[in-house]
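Read the structure below first, then the notes.
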Amino acid sequence: MHRPFNFSAGPATMPSEVLAQAANEMLDWPDASGRLSGMGVMEMSHRGKEFLSIYESAERDLRELLAIPAHFKILFMQGGGLAENAIVPLNLCGQKLDRPTVADFVLTGSWSEKSFKEAGKYCQTHVVASSQANGYLSVAAPDTWQLSSDACYVHICSNETINGVEFHELPDLKNLGSNAPLVIDFSSHLASRPVDWSRVGLAFGGAQKNLGPAGLTLVVVREDLLGHALPICPSAFNYTTVSDNGSMYNTPPTYSIYMAGLVLQWIKRQGGIAAMEQRNITKAHMLYEAIDASGFYVNKVARSCRSRMNVPFYLHNEALNDAFLSGAKNAGLLQLKGHKSVGGMRASLYNAMPIEGVAALVAYMQEFERTHG
Ligand SMILES: *Cc1c(COP(=O)(O)O)cnc(C)c1O
């Protein structure tokens with residue numbers, strides 16, 4: 001079935017074959033051998049053997065695909081990326097109560113700004129670098145960061161969904177003289193590229209950008225970071241409690257976990273994360289090249305940190321924005337409007353966006369320029 005190409009930043013497009021499989025299994029879920037269970041996934045007890053098998057394959061596939069080492073726990077939580085902005089300091093800043101705990105933040109756009117502000121409710125916060133003054137169009141080089149000597153963690157947003165800025169390499173904090181664990185908000189590029197876990201203490205992300213439907217929040221945390229929660233940390237959000245209960249301290253978002261599991265199986269069929277990354281590089285290159293080659297569209301982000309996943313761009317003549325968007329919709333290209341805080345356009349090129357979708361967008365942009373330029 002051919003559907004329009006959907007460039008939404010999130011909740012975002014999912015592979016058609018995954019949605020079709022879920023539709024087939026909606027009323028009666030079959031196990032791997034095809035034996036029918038007599039119930040849909042939404043109707044299953046989270047502790048029953050059927051759902052446990054769904055859960056365990058999703059976790060196993062995630063660990064295998066992202067090459068997550070054994071000393072990291074995978075937690076399936078709820079609350080989204082924004083809740084993690086509070087849950088992270090609640091879990092990591094409780095140890096050194098004899099002196100103030102500080103969390104370090106690198107400000108690279110809207111999402112890291114939000115994380116910084118929220119964490120300030122639970123611990124001291126310190127900005128080690130900020131590109132706000134240049135409109136968040138670049139990332140300060142890590143060797144210029146003013147890291148605290150004694151931070152409980154260092155936070156970065158490894159892909160800024162709104163500003164279109166991505167870390168193409170994670171900072172090596174040890175090399176920068178810091179022993180703090182690196183926390184990454186990888187909501188909008190998780191599973192789009194490999195992760196260097198040797199540089200990461202904790203990674204979190206909402207599923208609704210690149211992994212499945214909203215409702216599931218993924219947390220990958222190094223074991224030694226468990227057990228340092230503040231006393232006020234809610235039990236359902238305490239990583240140790242969640243981990244000790246196999247993410248079933250309370251009812252997990254069962255259907256979203258099932259859908260994420262189907263997406264992970266789809267990624268495996270596509271050739272895994274390395275193959276996804278190659279395709280994502282190709283797609284991003286096609287779109288940036290078309291923007292840069294035109295005098296009609298512009299992307300202002302420094303080339304070294306342009307996001308592969310979220311490409312914000314502007315028409316030089318903003319009076320044409322509405323015509324651009326309605327023409328795009330008629331051409332089967334959906335949800336290209338930029339975030340309200342920055343305006344313009346944004347094309348999100350998550351894993352499930354095929355190369356043909358980007359080719360169709362580029363062709364539409366060139367045709368629109370020809371007829372309106
Ligand atoms: C979407 C997003 C969030 C917020 O996720 P919610 O699920 O809405 O809480 C946080 N960080 C980044 C980088 C995002 O893209």
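Chains: A, B, ... in order of the structure tokens. Residues: from 1 per chain. Ligands: from 1, in order shown.
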Determine, counting only C-alpha atoms, which protein, DNA and RNA residues have an atom within 9 Å of an atom of stretch 273-278 of chain A; residues of the same chain fewer than 3 positions away are not included. Present the result as a PyMOL selection string.
chain A and resi 65-66+191-194+267-268+270+281-283+351
Could you write out the selected residues, including all heavy atoms, as a short mmCIF file (atom, residue, chain, number, x, y, z; two decimals), in the first residue's frame?
data_model
loop_
_atom_site.label_atom_id
_atom_site.label_comp_id
_atom_site.auth_asym_id
_atom_site.auth_seq_id
_atom_site.Cartn_x
_atom_site.Cartn_y
_atom_site.Cartn_z
N LEU A 65 21.13 -5.15 18.61
CA LEU A 65 21.24 -4.16 17.53
C LEU A 65 22.13 -2.98 17.95
O LEU A 65 22.96 -2.52 17.17
CB LEU A 65 19.86 -3.64 17.16
CG LEU A 65 19.03 -4.52 16.22
CD1 LEU A 65 17.58 -4.06 16.20
CD2 LEU A 65 19.62 -4.50 14.81
N LEU A 66 21.92 -2.49 19.17
CA LEU A 66 22.69 -1.32 19.61
C LEU A 66 24.00 -1.71 20.29
O LEU A 66 24.72 -0.85 20.79
CB LEU A 66 21.86 -0.45 20.56
CG LEU A 66 20.89 0.52 19.88
CD1 LEU A 66 20.19 1.38 20.92
CD2 LEU A 66 21.63 1.44 18.89
N ALA A 191 18.94 4.50 17.61
CA ALA A 191 18.80 3.44 16.60
C ALA A 191 19.03 3.94 15.17
O ALA A 191 18.77 3.24 14.20
CB ALA A 191 17.45 2.72 16.69
N SER A 192 19.53 5.18 15.03
CA SER A 192 19.84 5.67 13.68
C SER A 192 21.32 5.50 13.37
O SER A 192 21.74 5.69 12.22
CB SER A 192 19.49 7.15 13.56
OG SER A 192 20.42 7.96 14.25
N ARG A 193 22.11 5.16 14.38
CA ARG A 193 23.56 5.08 14.24
C ARG A 193 24.08 4.30 15.46
O ARG A 193 23.39 4.21 16.48
CB ARG A 193 24.16 6.49 14.21
CG ARG A 193 23.83 7.30 15.47
CD ARG A 193 24.22 8.76 15.33
NE ARG A 193 25.62 8.90 15.07
CZ ARG A 193 26.17 9.94 14.41
NH1 ARG A 193 25.41 10.95 14.02
NH2 ARG A 193 27.46 9.99 14.18
N PRO A 194 25.30 3.77 15.39
CA PRO A 194 25.83 3.06 16.56
C PRO A 194 26.12 4.04 17.71
O PRO A 194 26.27 5.24 17.49
CB PRO A 194 27.15 2.46 16.04
CG PRO A 194 27.11 2.57 14.56
CD PRO A 194 26.22 3.73 14.24
N ILE A 267 14.24 -3.47 11.70
CA ILE A 267 15.62 -2.97 11.53
C ILE A 267 16.58 -4.13 11.25
O ILE A 267 17.46 -4.03 10.39
CB ILE A 267 16.08 -2.16 12.78
CG1 ILE A 267 15.23 -0.90 12.95
CG2 ILE A 267 17.56 -1.80 12.68
CD1 ILE A 267 15.53 -0.10 14.21
N LYS A 268 16.37 -5.24 11.95
CA LYS A 268 17.23 -6.41 11.70
C LYS A 268 17.10 -6.87 10.25
O LYS A 268 18.09 -7.18 9.60
CB LYS A 268 16.85 -7.57 12.64
CG LYS A 268 17.43 -7.42 14.04
CD LYS A 268 16.87 -8.45 14.98
CE LYS A 268 17.81 -9.63 15.19
NZ LYS A 268 17.29 -10.51 16.27
N GLN A 270 16.43 -5.08 7.77
CA GLN A 270 17.06 -4.08 6.88
C GLN A 270 18.59 -4.19 6.90
O GLN A 270 19.26 -3.45 6.18
CB GLN A 270 16.71 -2.65 7.32
CG GLN A 270 15.23 -2.35 7.47
CD GLN A 270 14.47 -2.58 6.19
OE1 GLN A 270 14.77 -1.99 5.16
NE2 GLN A 270 13.49 -3.45 6.26
N ILE A 281 22.75 8.43 6.24
CA ILE A 281 23.76 9.35 5.69
C ILE A 281 23.36 9.74 4.27
O ILE A 281 23.39 10.92 3.90
CB ILE A 281 25.16 8.68 5.71
CG1 ILE A 281 25.66 8.54 7.15
CG2 ILE A 281 26.16 9.47 4.85
CD1 ILE A 281 26.94 7.73 7.31
N THR A 282 22.96 8.75 3.48
CA THR A 282 22.55 9.02 2.09
C THR A 282 21.38 10.00 2.05
O THR A 282 21.39 10.98 1.30
CB THR A 282 22.14 7.70 1.41
OG1 THR A 282 23.24 6.81 1.47
CG2 THR A 282 21.74 7.92 -0.05
N LYS A 283 20.37 9.74 2.87
CA LYS A 283 19.17 10.59 2.86
C LYS A 283 19.51 12.03 3.24
O LYS A 283 19.08 12.99 2.59
CB LYS A 283 18.11 10.01 3.81
CG LYS A 283 17.50 8.71 3.31
CD LYS A 283 16.49 8.05 4.24
CE LYS A 283 16.63 8.30 5.69
NZ LYS A 283 15.85 7.42 6.56
N ASN A 351 14.54 6.52 10.59
CA ASN A 351 14.81 5.24 9.92
C ASN A 351 13.70 4.83 8.95
O ASN A 351 13.98 4.27 7.89
CB ASN A 351 14.95 4.12 10.96
CG ASN A 351 16.26 4.20 11.73
OD1 ASN A 351 17.17 4.94 11.35
ND2 ASN A 351 16.36 3.46 12.82
#
Counting only C-alpha atoms and all ligand atoms, name the residues that have an atom within 10 Å of an atom of ligand 1; the answer should be given as an MDAnalysis selection string.
chainID A and resid 9:11 78:85 109:112 114:115 156:163 184:190 204:210 214:217 310
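The smallest atom-to-atom distance between A:Ser304 and any of A:Glu356, A:Glu166, A:Glu56, A:Glu118, using only C-alpha atoms, is found for A:Glu166.
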Would you kindly return, as a compact mmCIF listing (two decimals) with all heavy atoms, in the first residue's frame, each protein, DNA or RNA residue with an atom no farther than 10 Å from any atom of A:Ile291, considering only C-alpha atoms and excluding same-chain residues fewer than 4 positions away?
# COMPACT_ATOMS: atom_id res chain seq x y z
N HIS A 285 22.36 13.55 3.14
CA HIS A 285 23.21 14.15 2.11
C HIS A 285 22.36 14.67 0.94
O HIS A 285 22.55 15.79 0.45
CB HIS A 285 24.22 13.11 1.63
CG HIS A 285 25.23 13.65 0.68
ND1 HIS A 285 26.25 14.49 1.09
CD2 HIS A 285 25.38 13.48 -0.65
CE1 HIS A 285 26.98 14.82 0.03
NE2 HIS A 285 26.46 14.23 -1.03
N MET A 286 21.40 13.86 0.52
CA MET A 286 20.53 14.26 -0.60
C MET A 286 19.81 15.57 -0.29
O MET A 286 19.76 16.49 -1.13
CB MET A 286 19.45 13.18 -0.85
CG MET A 286 19.94 11.96 -1.58
SD MET A 286 18.74 10.58 -1.45
CE MET A 286 17.36 11.25 -2.38
N LEU A 287 19.27 15.68 0.91
CA LEU A 287 18.47 16.87 1.23
C LEU A 287 19.36 18.10 1.46
O LEU A 287 19.08 19.17 0.92
CB LEU A 287 17.58 16.59 2.45
CG LEU A 287 16.65 17.72 2.86
CD1 LEU A 287 15.80 18.22 1.69
CD2 LEU A 287 15.74 17.29 4.00
N GLY A 295 19.43 28.80 -4.24
CA GLY A 295 19.44 30.12 -3.63
C GLY A 295 18.08 30.44 -3.05
O GLY A 295 17.78 31.57 -2.68
N PHE A 296 17.24 29.44 -2.97
CA PHE A 296 15.84 29.60 -2.60
C PHE A 296 15.57 29.13 -1.18
O PHE A 296 14.73 29.66 -0.48
CB PHE A 296 15.01 28.78 -3.60
CG PHE A 296 13.54 29.07 -3.60
CD1 PHE A 296 13.01 30.16 -4.28
CD2 PHE A 296 12.65 28.22 -2.93
CE1 PHE A 296 11.64 30.42 -4.29
CE2 PHE A 296 11.29 28.46 -2.94
CZ PHE A 296 10.77 29.57 -3.62
N TYR A 297 16.33 28.06 -0.78
CA TYR A 297 16.19 27.47 0.56
C TYR A 297 17.51 27.64 1.30
O TYR A 297 18.57 27.72 0.69
CB TYR A 297 15.89 25.97 0.46
CG TYR A 297 14.70 25.64 -0.41
CD1 TYR A 297 14.88 25.16 -1.71
CD2 TYR A 297 13.39 25.78 0.07
CE1 TYR A 297 13.79 24.84 -2.52
CE2 TYR A 297 12.30 25.47 -0.73
CZ TYR A 297 12.50 25.00 -2.02
OH TYR A 297 11.44 24.69 -2.82
N VAL A 298 17.42 27.64 2.66
CA VAL A 298 18.67 27.75 3.43
C VAL A 298 18.57 26.95 4.72
O VAL A 298 17.51 26.87 5.36
CB VAL A 298 19.02 29.24 3.72
CG1 VAL A 298 17.95 29.90 4.58
CG2 VAL A 298 20.39 29.36 4.38
N ASN A 299 19.69 26.29 5.08
CA ASN A 299 19.87 25.68 6.40
C ASN A 299 21.12 26.32 6.97
O ASN A 299 22.17 26.33 6.32
CB ASN A 299 20.05 24.16 6.29
CG ASN A 299 20.51 23.54 7.60
OD1 ASN A 299 21.66 23.68 7.99
ND2 ASN A 299 19.63 22.87 8.30
N PHE A 313 14.79 23.92 7.63
CA PHE A 313 15.23 24.80 6.54
C PHE A 313 14.20 25.90 6.34
O PHE A 313 13.05 25.81 6.80
CB PHE A 313 15.48 24.01 5.24
CG PHE A 313 14.29 23.32 4.64
CD1 PHE A 313 13.51 23.94 3.68
CD2 PHE A 313 13.95 22.03 5.04
CE1 PHE A 313 12.40 23.29 3.12
CE2 PHE A 313 12.85 21.37 4.49
CZ PHE A 313 12.07 22.01 3.52
N TYR A 314 14.66 26.97 5.72
CA TYR A 314 13.81 28.15 5.51
C TYR A 314 13.73 28.47 4.03
O TYR A 314 14.69 28.25 3.29
CB TYR A 314 14.39 29.36 6.25
CG TYR A 314 14.41 29.19 7.75
CD1 TYR A 314 15.49 28.59 8.39
CD2 TYR A 314 13.34 29.62 8.53
CE1 TYR A 314 15.51 28.41 9.76
CE2 TYR A 314 13.34 29.45 9.91
CZ TYR A 314 14.43 28.84 10.52
OH TYR A 314 14.43 28.66 11.87
N LEU A 315 12.60 29.02 3.62
CA LEU A 315 12.50 29.64 2.31
C LEU A 315 13.00 31.08 2.48
O LEU A 315 12.62 31.74 3.45
CB LEU A 315 11.05 29.65 1.81
CG LEU A 315 10.52 28.35 1.18
CD1 LEU A 315 10.48 27.21 2.18
CD2 LEU A 315 9.12 28.59 0.58
N VAL A 362 12.88 16.29 -2.44
CA VAL A 362 13.84 17.10 -3.19
C VAL A 362 13.24 17.50 -4.54
O VAL A 362 13.33 18.67 -4.95
CB VAL A 362 15.18 16.34 -3.36
CG1 VAL A 362 16.07 17.03 -4.39
CG2 VAL A 362 15.90 16.23 -2.02
N MET A 365 10.73 20.23 -3.95
CA MET A 365 11.38 21.51 -3.61
C MET A 365 11.93 22.18 -4.87
O MET A 365 11.82 23.40 -5.04
CB MET A 365 12.51 21.28 -2.59
CG MET A 365 11.98 20.93 -1.20
SD MET A 365 13.27 20.36 -0.06
CE MET A 365 14.20 21.87 0.18
N GLN A 366 12.52 21.38 -5.75
CA GLN A 366 13.09 21.96 -6.98
C GLN A 366 11.99 22.48 -7.90
O GLN A 366 12.12 23.55 -8.49
CB GLN A 366 13.98 20.92 -7.67
CG GLN A 366 15.25 20.68 -6.85
CD GLN A 366 16.08 19.49 -7.32
OE1 GLN A 366 15.60 18.65 -8.09
NE2 GLN A 366 17.32 19.40 -6.83
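The interatomic distance for the pair atom CA of A:Lys49 and atom CA of A:Val220 works out to 24.3 Å.
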